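Okay, input_25.tsv is below, TSV, C-alpha atoms (C1' of nucleotides):
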chain	number	residue	atom	x	y	z
D	262	MET	CA	96.36	59.05	106.01
D	263	ALA	CA	95.78	55.77	107.89
D	264	HIS	CA	92.66	53.92	106.85
D	265	LEU	CA	90.13	52.23	109.03
D	266	HIS	CA	89.88	49.30	106.65
D	267	THR	CA	92.72	47.15	105.46
D	268	ASP	CA	91.84	46.71	101.80
D	269	PRO	CA	94.06	48.33	99.24
D	270	CYS	CA	92.54	51.69	98.44
D	271	PRO	CA	94.06	53.11	95.26
D	272	GLY	CA	91.70	56.03	95.00
D	273	CYS	CA	92.24	57.45	98.43
D	274	ALA	CA	95.52	56.15	99.77
D	275	ASP	CA	97.29	58.47	97.38
D	276	PRO	CA	95.66	61.87	97.23
D	277	ASP	CA	97.30	62.69	93.96
D	278	LEU	CA	95.43	59.84	92.31
D	279	ALA	CA	92.52	62.19	91.91
D	280	PHE	CA	94.45	63.45	88.91
D	281	ALA	CA	95.11	60.01	87.43
D	282	ALA	CA	92.90	57.21	86.17
D	283	HIS	CA	91.86	55.03	89.07
D	284	ASP	CA	89.16	52.73	90.34
D	285	HIS	CA	86.71	55.47	91.07
D	286	ALA	CA	83.90	53.12	92.04
D	287	HIS	CA	86.10	52.15	94.91
D	288	CYS	CA	86.55	55.77	95.95
D	289	THR	CA	82.82	56.16	96.04
D	290	SER	CA	81.83	53.00	97.84
D	291	ASP	CA	84.62	53.38	100.32
D	292	ALA	CA	83.72	56.96	101.14
D	293	LEU	CA	80.05	56.09	101.48
D	294	ALA	CA	80.73	53.14	103.73
D	295	ARG	CA	82.90	55.24	105.94
D	296	ALA	CA	80.34	58.03	105.98
D	297	ASP	CA	77.67	55.59	107.13
D	298	ALA	CA	79.90	54.28	109.88
D	299	LEU	CA	80.98	57.71	111.00
D	300	ILE	CA	77.52	59.15	111.19
D	301	ALA	CA	76.18	56.11	112.98
D	302	ALA	CA	79.00	56.32	115.49
D	303	LYS	CA	78.00	59.86	116.28
D	304	GLY	CA	74.35	58.95	116.69
D	305	LEU	CA	73.36	61.19	113.80
D	306	ARG	CA	71.37	60.39	110.70
D	307	LEU	CA	72.56	60.25	107.13
D	308	THR	CA	69.12	60.86	105.72
D	309	PRO	CA	68.21	60.27	102.08
D	310	VAL	CA	68.87	63.85	100.94
D	311	ARG	CA	72.14	63.96	102.81
D	312	ARG	CA	73.31	60.63	101.52
D	313	ARG	CA	72.24	61.42	97.98
D	314	THR	CA	74.04	64.76	98.18
D	315	LEU	CA	77.20	62.98	99.21
D	316	GLU	CA	76.80	60.50	96.35
D	317	ILE	CA	76.46	63.36	93.91
D	318	LEU	CA	79.61	65.00	95.22
D	319	LEU	CA	81.39	61.68	94.99
D	320	GLU	CA	80.61	61.18	91.33
D	321	ASP	CA	83.94	62.65	90.40
D	322	HIS	CA	86.81	64.58	91.88
D	323	ARG	CA	85.38	67.96	91.14
D	324	ALA	CA	83.64	70.63	93.10
D	325	LEU	CA	79.96	71.34	92.58
D	326	GLY	CA	78.14	74.55	93.32
D	327	ALA	CA	75.21	74.38	95.70
D	328	TYR	CA	72.85	75.13	92.84
D	329	ASP	CA	74.28	72.32	90.73
D	330	VAL	CA	73.59	69.96	93.59
D	331	LEU	CA	70.16	71.45	94.05
D	332	THR	CA	69.26	70.88	90.40
D	333	ARG	CA	70.20	67.25	90.72
D	334	LEU	CA	68.29	66.81	93.96
D	335	ALA	CA	65.21	68.53	92.59
D	336	ALA	CA	65.25	66.28	89.52
D	337	GLU	CA	65.13	63.32	91.85
D	338	GLY	CA	62.11	64.49	93.75
D	339	TYR	CA	63.67	66.36	96.63
D	340	GLY	CA	62.84	69.96	97.40
D	341	ASN	CA	63.91	72.47	94.81
D	342	GLN	CA	64.69	75.44	97.00
D	343	PRO	CA	68.23	76.54	97.91
D	344	PRO	CA	68.03	75.64	101.60
D	345	VAL	CA	67.56	71.98	100.64
D	346	ALA	CA	71.00	71.88	99.08
D	347	TYR	CA	72.69	74.20	101.54
D	348	ARG	CA	71.43	72.30	104.54
D	349	ALA	CA	72.65	68.99	103.23
D	350	LEU	CA	75.99	70.46	102.20
D	351	ASP	CA	76.45	72.24	105.51
D	352	PHE	CA	75.68	69.04	107.37
D	353	LEU	CA	78.21	67.10	105.32
D	354	GLU	CA	80.81	69.76	105.87
D	355	GLU	CA	80.23	69.89	109.61
D	356	GLN	CA	80.60	66.14	109.81
D	357	GLY	CA	83.79	66.18	107.79
D	358	LEU	CA	82.26	64.39	104.83
D	359	ALA	CA	82.59	67.29	102.42
D	360	HIS	CA	84.70	70.38	102.05
D	361	ARG	CA	83.89	73.84	100.87
D	362	ILE	CA	86.23	75.21	98.23
D	363	ARG	CA	85.98	78.93	98.78
D	364	ARG	CA	87.84	79.86	95.67
D	365	LEU	CA	85.14	78.16	93.61
D	366	ASN	CA	82.11	78.79	95.80
D	367	ALA	CA	81.64	75.07	95.58
D	368	PHE	CA	81.74	71.82	97.52
D	369	THR	CA	83.63	68.60	97.11
D	370	ALA	CA	83.39	65.23	98.83
D	371	CYS	CA	85.98	64.50	101.44
D	372	MET	CA	88.29	61.71	100.42
D	373	HIS	CA	89.45	60.96	103.93
D	374	PRO	CA	86.41	61.07	106.15
D	375	GLY	CA	87.06	60.17	109.72
D	376	GLU	CA	90.68	61.10	109.65
D	377	ALA	CA	91.30	64.36	111.41
D	378	HIS	CA	92.69	66.64	108.78
D	379	ALA	CA	92.67	70.22	107.72
D	380	PRO	CA	93.25	69.67	104.06
D	381	ALA	CA	95.02	71.60	101.36
D	382	PHE	CA	93.30	71.60	98.00
D	383	LEU	CA	94.89	71.49	94.59
D	384	ILE	CA	92.49	72.86	92.03
D	385	CYS	CA	93.28	72.24	88.39
D	386	ARG	CA	92.07	75.10	86.21
D	387	GLY	CA	92.33	72.84	83.16
D	388	CYS	CA	90.05	69.98	84.10
D	389	ASP	CA	88.49	71.36	87.30
D	390	THR	CA	89.69	68.38	89.27
D	391	VAL	CA	90.12	69.03	92.97
D	392	ALA	CA	92.56	66.94	94.98
D	393	GLU	CA	93.16	66.84	98.69
D	394	ALA	CA	96.86	67.08	99.37
D	395	PRO	CA	98.48	66.09	102.63
D	396	ALA	CA	98.53	69.33	104.52
D	397	ALA	CA	100.11	68.52	107.83
D	398	PRO	CA	103.41	70.28	107.05
D	399	VAL	CA	101.55	73.23	105.56
D	400	LEU	CA	99.36	73.48	108.60
D	401	ALA	CA	102.35	73.27	110.88
D	402	ALA	CA	104.04	76.15	109.08
D	403	LEU	CA	100.84	78.18	109.22
D	404	GLU	CA	100.41	77.53	112.93
D	405	ALA	CA	103.98	78.54	113.53
D	406	ALA	CA	103.45	81.82	111.72
D	407	ALA	CA	100.26	82.44	113.67
D	408	ALA	CA	101.87	81.59	116.98
D	409	ASN	CA	104.44	84.29	116.31
D	410	SER	CA	101.64	86.81	116.50
D	411	GLY	CA	99.91	85.12	119.40
D	412	PHE	CA	97.09	84.21	117.07
D	413	THR	CA	95.12	81.03	117.70
D	414	ILE	CA	93.89	79.23	114.60
D	415	GLU	CA	90.51	77.56	114.77
D	416	ARG	CA	89.81	76.81	111.14
D	417	SER	CA	91.82	77.35	108.04
D	418	ASN	CA	91.50	76.98	104.35
D	419	ILE	CA	94.41	76.37	102.08
D	420	GLU	CA	93.74	76.27	98.37
D	421	ALA	CA	96.02	76.30	95.37
D	422	LEU	CA	95.04	76.90	91.78
D	423	GLY	CA	97.18	75.55	88.98
D	424	LEU	CA	97.59	72.73	86.54
D	425	CYS	CA	97.54	69.01	87.18
D	426	PRO	CA	100.10	66.81	85.41
D	427	ALA	CA	97.75	65.81	82.60
D	428	CYS	CA	96.72	69.37	81.85
D	429	GLN	CA	100.34	70.51	81.89
D	430	ASP	CA	101.12	67.92	79.25
D	431	ALA	CA	98.09	68.90	77.23
D	432	ALA	CA	99.15	72.53	77.31
D	433	VAL	CA	102.44	71.71	75.53
S	129	MET	CA	109.76	91.87	104.36
S	130	ALA	CA	112.47	94.33	103.30
S	131	HIS	CA	111.24	97.86	102.85
S	132	LEU	CA	112.03	100.31	100.14
S	133	HIS	CA	112.31	103.15	102.60
S	134	THR	CA	114.58	103.33	105.58
S	135	ASP	CA	112.32	104.90	108.16
S	136	PRO	CA	111.21	102.84	111.09
S	137	CYS	CA	107.86	101.32	110.14
S	138	PRO	CA	106.17	99.83	113.19
S	139	GLY	CA	102.91	99.18	111.45
S	140	CYS	CA	104.25	97.15	108.59
S	141	ALA	CA	107.63	95.83	109.63
S	142	ASP	CA	105.89	93.44	111.96
S	143	PRO	CA	102.84	91.89	110.41
S	144	ASP	CA	101.41	90.93	113.75
S	145	LEU	CA	101.18	94.56	114.71
S	146	ALA	CA	97.89	94.67	112.92
S	147	PHE	CA	96.54	93.16	116.11
S	148	ALA	CA	98.21	95.68	118.41
S	149	ALA	CA	97.97	99.42	118.86
S	150	HIS	CA	100.31	101.12	116.44
S	151	ASP	CA	100.90	104.27	114.45
S	152	HIS	CA	98.25	103.57	111.90
S	153	ALA	CA	98.64	106.87	110.11
S	154	HIS	CA	102.07	105.65	109.22
S	155	CYS	CA	100.70	102.40	107.82
S	156	THR	CA	98.39	104.37	105.60
S	157	SER	CA	100.76	107.00	104.31
S	158	ASP	CA	103.48	104.46	103.76
S	159	ALA	CA	101.24	102.12	101.81
S	160	LEU	CA	99.90	104.98	99.71
S	161	ALA	CA	103.33	106.32	98.93
S	162	ARG	CA	104.50	102.92	97.88
S	163	ALA	CA	101.38	102.36	95.81
S	164	ASP	CA	101.99	105.61	93.95
S	165	ALA	CA	105.60	104.65	93.26
S	166	LEU	CA	104.72	101.15	92.20
S	167	ILE	CA	101.99	102.14	89.82
S	168	ALA	CA	104.10	104.91	88.31
S	169	ALA	CA	106.96	102.48	87.80
S	170	LYS	CA	104.65	100.22	85.84
S	171	GLY	CA	103.39	103.07	83.70
S	172	LEU	CA	99.86	102.59	84.98
S	173	ARG	CA	97.49	105.09	86.53
S	174	LEU	CA	96.28	105.23	90.10
S	175	THR	CA	93.18	107.19	89.19
S	176	PRO	CA	91.00	108.97	91.76
S	177	VAL	CA	88.56	106.08	92.23
S	178	ARG	CA	91.36	103.61	92.53
S	179	ARG	CA	93.34	105.69	94.95
S	180	ARG	CA	90.29	106.49	97.03
S	181	THR	CA	89.38	102.81	97.12
S	182	LEU	CA	92.82	102.00	98.42
S	183	GLU	CA	92.53	104.72	101.05
S	184	ILE	CA	89.22	103.29	102.20
S	185	LEU	CA	90.72	99.82	102.51
S	186	LEU	CA	93.64	101.30	104.41
S	187	GLU	CA	91.46	102.92	107.04
S	188	ASP	CA	91.94	99.97	109.29
S	189	HIS	CA	93.18	96.42	109.26
S	190	ARG	CA	89.92	94.88	108.33
S	191	ALA	CA	88.37	93.51	105.19
S	192	LEU	CA	85.57	95.36	103.44
S	193	GLY	CA	82.99	93.90	101.11
S	194	ALA	CA	82.77	95.34	97.62
S	195	TYR	CA	79.40	96.82	98.45
S	196	ASP	CA	80.75	98.50	101.55
S	197	VAL	CA	83.40	100.14	99.41
S	198	LEU	CA	80.79	101.01	96.81
S	199	THR	CA	78.62	102.76	99.36
S	200	ARG	CA	81.55	104.86	100.44
S	201	LEU	CA	82.55	105.70	96.88
S	202	ALA	CA	79.01	106.58	95.90
S	203	ALA	CA	78.71	108.91	98.88
S	204	GLU	CA	81.75	110.73	97.60
S	205	GLY	CA	80.38	111.29	94.14
S	206	TYR	CA	81.72	108.32	92.27
S	207	GLY	CA	79.48	105.92	90.41
S	208	ASN	CA	77.10	103.92	92.53
S	209	GLN	CA	76.93	100.73	90.53
S	210	PRO	CA	78.75	97.52	91.52
S	211	PRO	CA	81.25	97.54	88.64
S	212	VAL	CA	82.68	100.79	89.95
S	213	ALA	CA	83.80	99.09	93.13
S	214	TYR	CA	84.70	95.76	91.58
S	215	ARG	CA	86.83	97.33	88.90
S	216	ALA	CA	88.82	99.39	91.35
S	217	LEU	CA	89.21	96.43	93.70
S	218	ASP	CA	90.22	94.10	90.89
S	219	PHE	CA	92.78	96.60	89.69
S	220	LEU	CA	94.26	96.95	93.15
S	221	GLU	CA	94.40	93.21	93.55
S	222	GLU	CA	96.07	92.68	90.20
S	223	GLN	CA	98.69	95.25	91.07
S	224	GLY	CA	99.34	93.69	94.44
S	225	LEU	CA	97.91	96.62	96.38
S	226	ALA	CA	94.99	94.72	97.85
S	227	HIS	CA	94.07	91.16	98.63
S	228	ARG	CA	90.85	89.29	98.36
S	229	ILE	CA	89.85	87.37	101.47
S	230	ARG	CA	87.75	84.58	100.06
S	231	ARG	CA	86.51	83.38	103.39
S	232	LEU	CA	84.89	86.77	103.92
S	233	ASN	CA	84.01	87.70	100.35
S	234	ALA	CA	85.90	90.86	101.09
S	235	PHE	CA	89.01	92.85	100.34
S	236	THR	CA	91.82	94.22	102.42
S	237	ALA	CA	94.70	96.57	101.66
S	238	CYS	CA	98.05	94.96	101.12
S	239	MET	CA	100.48	95.88	103.86
S	240	HIS	CA	103.55	94.97	101.84
S	241	PRO	CA	103.00	96.30	98.35
S	242	GLY	CA	105.90	95.81	96.04
S	243	GLU	CA	107.33	92.91	97.89
S	244	ALA	CA	106.70	89.67	96.11
S	245	HIS	CA	104.61	87.64	98.45
S	246	ALA	CA	101.81	85.15	98.50
S	247	PRO	CA	100.45	86.00	101.88
S	248	ALA	CA	98.75	84.02	104.59
S	249	PHE	CA	95.93	85.78	106.35
S	250	LEU	CA	95.01	85.62	109.98
S	251	ILE	CA	91.40	86.61	110.44
S	252	CYS	CA	90.21	87.35	113.95
S	253	ARG	CA	86.58	86.40	114.41
S	254	GLY	CA	86.42	88.58	117.48
S	255	CYS	CA	87.41	91.96	116.13
S	256	ASP	CA	87.46	91.20	112.39
S	257	THR	CA	91.06	92.31	112.12
S	258	VAL	CA	92.93	90.77	109.21
S	259	ALA	CA	96.69	90.42	109.41
S	260	GLU	CA	99.15	89.33	106.77
S	261	ALA	CA	101.47	86.72	108.19
S	262	PRO	CA	104.78	85.77	106.64
S	263	ALA	CA	103.86	82.86	104.44
S	264	ALA	CA	107.08	81.82	102.81
S	265	PRO	CA	107.43	78.61	104.86
S	266	VAL	CA	103.75	77.84	104.42
S	267	LEU	CA	104.03	78.36	100.71
S	268	ALA	CA	107.11	76.18	100.55
S	269	ALA	CA	105.32	73.35	102.32
S	270	LEU	CA	102.35	73.73	100.00
S	271	GLU	CA	104.52	73.68	96.92
S	272	ALA	CA	106.27	70.59	98.17
S	273	ALA	CA	102.97	68.82	98.64
S	274	ALA	CA	101.84	69.88	95.18
S	275	ALA	CA	105.11	68.81	93.59
S	276	ASN	CA	104.52	65.34	94.98
S	277	SER	CA	101.49	65.09	92.75
S	278	GLY	CA	103.16	66.78	89.80
S	279	PHE	CA	100.84	69.72	90.33
S	280	THR	CA	102.00	73.21	89.41
S	281	ILE	CA	100.72	76.01	91.61
S	282	GLU	CA	99.92	79.32	89.96
S	283	ARG	CA	98.01	81.11	92.66
S	284	SER	CA	97.08	80.15	96.16
S	285	ASN	CA	95.11	81.42	99.05
S	286	ILE	CA	95.87	80.62	102.62
S	287	GLU	CA	93.51	81.90	105.25
S	288	ALA	CA	93.14	81.10	108.92
S	289	LEU	CA	90.23	82.02	111.15
S	290	GLY	CA	90.71	82.31	114.87
S	291	LEU	CA	91.32	84.72	117.69
S	292	CYS	CA	93.93	87.43	117.97
S	293	PRO	CA	95.76	87.91	121.27
S	294	ALA	CA	93.49	90.71	122.48
S	295	CYS	CA	90.30	88.78	121.74
S	296	GLN	CA	91.66	85.69	123.43
S	297	ASP	CA	92.24	87.74	126.57
S	298	ALA	CA	88.81	89.30	126.31
S	299	ALA	CA	87.23	85.84	126.06
S	300	VAL	CA	88.60	84.86	129.45
K	190	DT	C1'	93.65	116.69	64.83
K	191	DT	C1'	92.31	112.51	64.84
K	192	DA	C1'	92.58	107.70	65.73
K	193	DT	C1'	93.12	104.80	69.58
K	194	DC	C1'	92.95	102.94	73.87
K	195	DA	C1'	92.04	102.97	78.77
K	196	DT	C1'	88.78	104.36	82.15
K	197	DT	C1'	84.42	105.27	84.01
K	198	DG	C1'	79.34	105.31	83.94
K	199	DT	C1'	75.14	102.71	83.57
K	200	DT	C1'	71.70	99.09	82.74
K	201	DA	C1'	70.61	94.72	83.38
K	202	DT	C1'	71.11	90.25	85.02
K	203	DA	C1'	73.44	86.13	86.92
K	204	DG	C1'	74.99	83.58	90.76
K	205	DT	C1'	75.46	82.59	95.82
K	206	DA	C1'	73.45	82.31	100.43
K	207	DT	C1'	70.36	82.76	104.45
K	208	DA	C1'	66.28	84.19	107.46
K	209	DA	C1'	61.97	82.79	108.95
K	210	DC	C1'	58.21	80.02	109.35
K	211	DA	C1'	55.28	75.84	108.24
K	212	DT	C1'	55.05	70.98	107.97
K	213	DG	C1'	56.35	66.45	108.70
K	214	DT	C1'	58.79	62.49	110.98
K	215	DC	C1'	60.63	59.76	114.42
K	216	DA	C1'	61.84	58.05	118.90
K	217	DA	C1'	61.62	58.25	124.05
K	218	DG	C1'	59.04	58.59	128.00
K	219	DA	C1'	54.40	59.17	130.39
G	191	DT	C1'	49.24	54.19	123.12
G	192	DC	C1'	49.72	58.72	123.25
G	193	DT	C1'	52.19	62.64	123.67
G	194	DT	C1'	55.91	65.40	123.51
G	195	DG	C1'	59.95	67.29	121.90
G	196	DA	C1'	63.78	67.31	118.88
G	197	DC	C1'	65.30	67.00	114.50
G	198	DA	C1'	64.57	67.27	109.59
G	199	DT	C1'	62.47	68.95	105.44
G	200	DG	C1'	59.59	71.99	102.59
G	201	DT	C1'	58.63	76.63	101.13
G	202	DT	C1'	58.48	81.65	100.68
G	203	DA	C1'	60.90	85.50	100.48
G	204	DT	C1'	64.85	88.17	100.38
G	205	DA	C1'	69.74	89.53	100.97
G	206	DC	C1'	74.23	89.50	99.37
G	207	DT	C1'	77.97	88.94	95.80
G	208	DA	C1'	79.51	89.37	91.07
G	209	DT	C1'	79.76	90.06	86.01
G	210	DA	C1'	78.26	90.89	81.05
G	211	DA	C1'	77.54	94.33	77.80
G	212	DC	C1'	77.35	98.71	75.94
G	213	DA	C1'	77.66	103.90	76.11
G	214	DA	C1'	80.21	107.96	77.19
G	215	DT	C1'	84.24	110.20	78.43
G	216	DG	C1'	89.01	111.34	78.77
G	217	DA	C1'	93.99	110.78	77.95
G	218	DT	C1'	97.75	109.72	74.49
G	219	DA	C1'	100.35	109.48	70.60
G	220	DA	C1'	100.86	109.40	65.54
As structure tokens, how would this structure be written, given the file I've shared?
Amino acid sequence: MAHLHTDPCPGCADPDLAFAAHDHAHCTSDALARADALIAAKGLRLTPVRRRTLEILLEDHRALGAYDVLTRLAAEGYGNQPPVAYRALDFLEEQGLAHRIRRLNAFTACMHPGEAHAPAFLICRGCDTVAEAPAAPVLAALEAAAANSGFTIERSNIEALGLCPACQDAAV
Amino acid sequence: MAHLHTDPCPGCADPDLAFAAHDHAHCTSDALARADALIAAKGLRLTPVRRRTLEILLEDHRALGAYDVLTRLAAEGYGNQPPVAYRALDFLEEQGLAHRIRRLNAFTACMHPGEAHAPAFLICRGCDTVAEAPAAPVLAALEAAAANSGFTIERSNIEALGLCPACQDAAV
DNA sequence: TTATCATTGTTATAGTATAACATGTCAAGA
DNA sequence: TCTTGACATGTTATACTATAACAATGATAA
């Protein structure tokens, strides 16, 4: 969870803040700045479509379908065919700037780019918010279970559906 | 992992045996017998399509797409439209007799029907075998992480992609 | 028997994803 | 400067996954 910068970072230091009111502009600018740095460091290019796609995903802590993203991109003058969105999304995912939420067939911006992490996602079925929870202990338990069978894990996805605090209160 | 029957059950007592040679006929007959008992106990009906669908899923420890199942069902005289397969698969999943593997958009027979469990899946990308690993510790870690954010988990899916022992050896 | 409900069949359509090829862009080396 | 080659984008077409909605059938219980 360590950050590269030293500023206070309310939106991303605490993963659970996705569920609470917070300085979201900071989330966005921070994530973008780190994305720029990360991609530059790798000698890759965060082209206009790719960067814009990331910005769209960063607009809030929800997951967007590829076709939602595509609609937005098309409205802004980019190509309007599925591969346009899928290519940008796949690139972002490969570079660790976005995650695919398989349960939703959708994508969400990574809130901790640059930090090695195999995240666990908390998906609120009330408000559709998606939060990245610290998954190190979960991953460790999963690897232990796999090791018991001699299985080697390369990638994993851990997703939980439920209710965030606000939606639990609202349900009462 | 406790069984309802007292026979030795090599195929299901050890989840990792999905990756190894084992008495698969026993897996199948055991799972079917338990499915019958379970459904009867609930006062529901394991109709021909549903039972046949389960049998098809039980043929081996892999995941089948809904359309794969549909093709099989249609060839045997059942309806040949998608809802036929999806309804049977959804029923089996709701009753805990099958699981949906989201990473694969596919379904696999449950190897521990009747035992309350939120399973973790180990998916071998070499041989496409899917094994159910004991997930209690993983689940516990996930719930702990969620609790930290005040998030209540209702359903979760935990899937890992990698290589089973045999495919690791083969890769050398 | 008849009302009722669950199940299955069927039509149609919605939503998700990728293959394949054409075009364009940019930077490094001749 | 020109060329070349790699990467990126645009575009066409199609494959794959999933569900809504309604009709027909079959079991069950009052």
Show me, as JSON, numbers by chain, every residue of chain G with an atom at most 8 Å from chain D, counting only C-alpha atoms (C1' of nucleotides).
{"G": [199, 200, 201]}
Include C-alpha atoms (C1' of nucleotides) and write out the residues we just selected as a PDB file, in the frame of the given file.
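selection.pdb, written as the output of this step:
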ATOM      1  C1'  DT G 199      62.470  68.950 105.440  1.00  0.00           C
ATOM      2  C1'  DG G 200      59.590  71.990 102.590  1.00  0.00           C
ATOM      3  C1'  DT G 201      58.630  76.630 101.130  1.00  0.00           C
TER       4       DT G 201
END
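As for CA of Arg313 (chain D) and CA of Ala336 (chain D), they are spaced 12.0 Å apart.
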Residues within 9 Å of DT207 (chain G), please, as number ranges by chain. Count only C-alpha atoms (C1' of nucleotides); anything in the same chain fewer than 4 positions from it doesn't count.
S: 193-195, 233; K: 204-205
Can you work out which residues from chain S touch chain D at a cut-off of 6 Å (counting only C-alpha atoms) and hand them back as a list in words?
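Every residue meeting the condition is included here: Asp144, Pro265, Val266, Ala269, Leu270, Ser277, Gly278, Phe279, Thr280, Ile281, Glu282, Arg283, Ser284, Asn285, Ile286, Glu287, Ala288, Leu289, Gly290, Leu291, Cys292 and Pro293 of chain S.
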Got time to write the residues from that selection, C-alpha atoms, as an mmCIF file, in the frame of the given file?
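Writing the result to again.cif gives the following:
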data_model
loop_
_atom_site.group_PDB
_atom_site.id
_atom_site.type_symbol
_atom_site.label_atom_id
_atom_site.label_comp_id
_atom_site.auth_asym_id
_atom_site.auth_seq_id
_atom_site.Cartn_x
_atom_site.Cartn_y
_atom_site.Cartn_z
ATOM 1 C CA ASP S 144 101.410 90.930 113.750
ATOM 2 C CA PRO S 265 107.430 78.610 104.860
ATOM 3 C CA VAL S 266 103.750 77.840 104.420
ATOM 4 C CA ALA S 269 105.320 73.350 102.320
ATOM 5 C CA LEU S 270 102.350 73.730 100.000
ATOM 6 C CA SER S 277 101.490 65.090 92.750
ATOM 7 C CA GLY S 278 103.160 66.780 89.800
ATOM 8 C CA PHE S 279 100.840 69.720 90.330
ATOM 9 C CA THR S 280 102.000 73.210 89.410
ATOM 10 C CA ILE S 281 100.720 76.010 91.610
ATOM 11 C CA GLU S 282 99.920 79.320 89.960
ATOM 12 C CA ARG S 283 98.010 81.110 92.660
ATOM 13 C CA SER S 284 97.080 80.150 96.160
ATOM 14 C CA ASN S 285 95.110 81.420 99.050
ATOM 15 C CA ILE S 286 95.870 80.620 102.620
ATOM 16 C CA GLU S 287 93.510 81.900 105.250
ATOM 17 C CA ALA S 288 93.140 81.100 108.920
ATOM 18 C CA LEU S 289 90.230 82.020 111.150
ATOM 19 C CA GLY S 290 90.710 82.310 114.870
ATOM 20 C CA LEU S 291 91.320 84.720 117.690
ATOM 21 C CA CYS S 292 93.930 87.430 117.970
ATOM 22 C CA PRO S 293 95.760 87.910 121.270
#
Nearby residues, (80.5, 92.3, 91.3) file frame, 6 Å, only C-alpha atoms (C1' of nucleotides), as a list in words
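I get Pro210, Pro211 and Tyr214 of chain S; DA208 and DT209 of chain G for the residues within 6 Å of that point.
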When you get a sec, could you note down which chain K residues fall within 12 Å of chain D, using all atoms listed in the file, as a count of residues only?
8
Report the distance between CA of Gly205 (chain S) and CA of Pro176 (chain S) in Å, rounded to one decimal place.
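Rounded to one decimal, the two atoms are 11.1 Å apart.
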Axis-aligned box for region 203-216 of chain K, 4 Å per side, centre and edges in Å as AutoDock Vina command-line options:
--center_x 65.3 --center_y 72.1 --center_z 102.9 --size_x 28.4 --size_y 36.1 --size_z 40.0
Take C1' of DT194 (chain G) and C1' of DA217 (chain K) and report the distance between them in Å, one decimal.
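C1' of DT194 (chain G) sits 9.2 Å away from C1' of DA217 (chain K).
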Do you know which residues are at most 12 Å from DT193 (chain G) counting all atoms listed in the file, after dropping those on the same chain fewer than 3 positions away, and could you put them as number ranges by chain?
K: 216-219
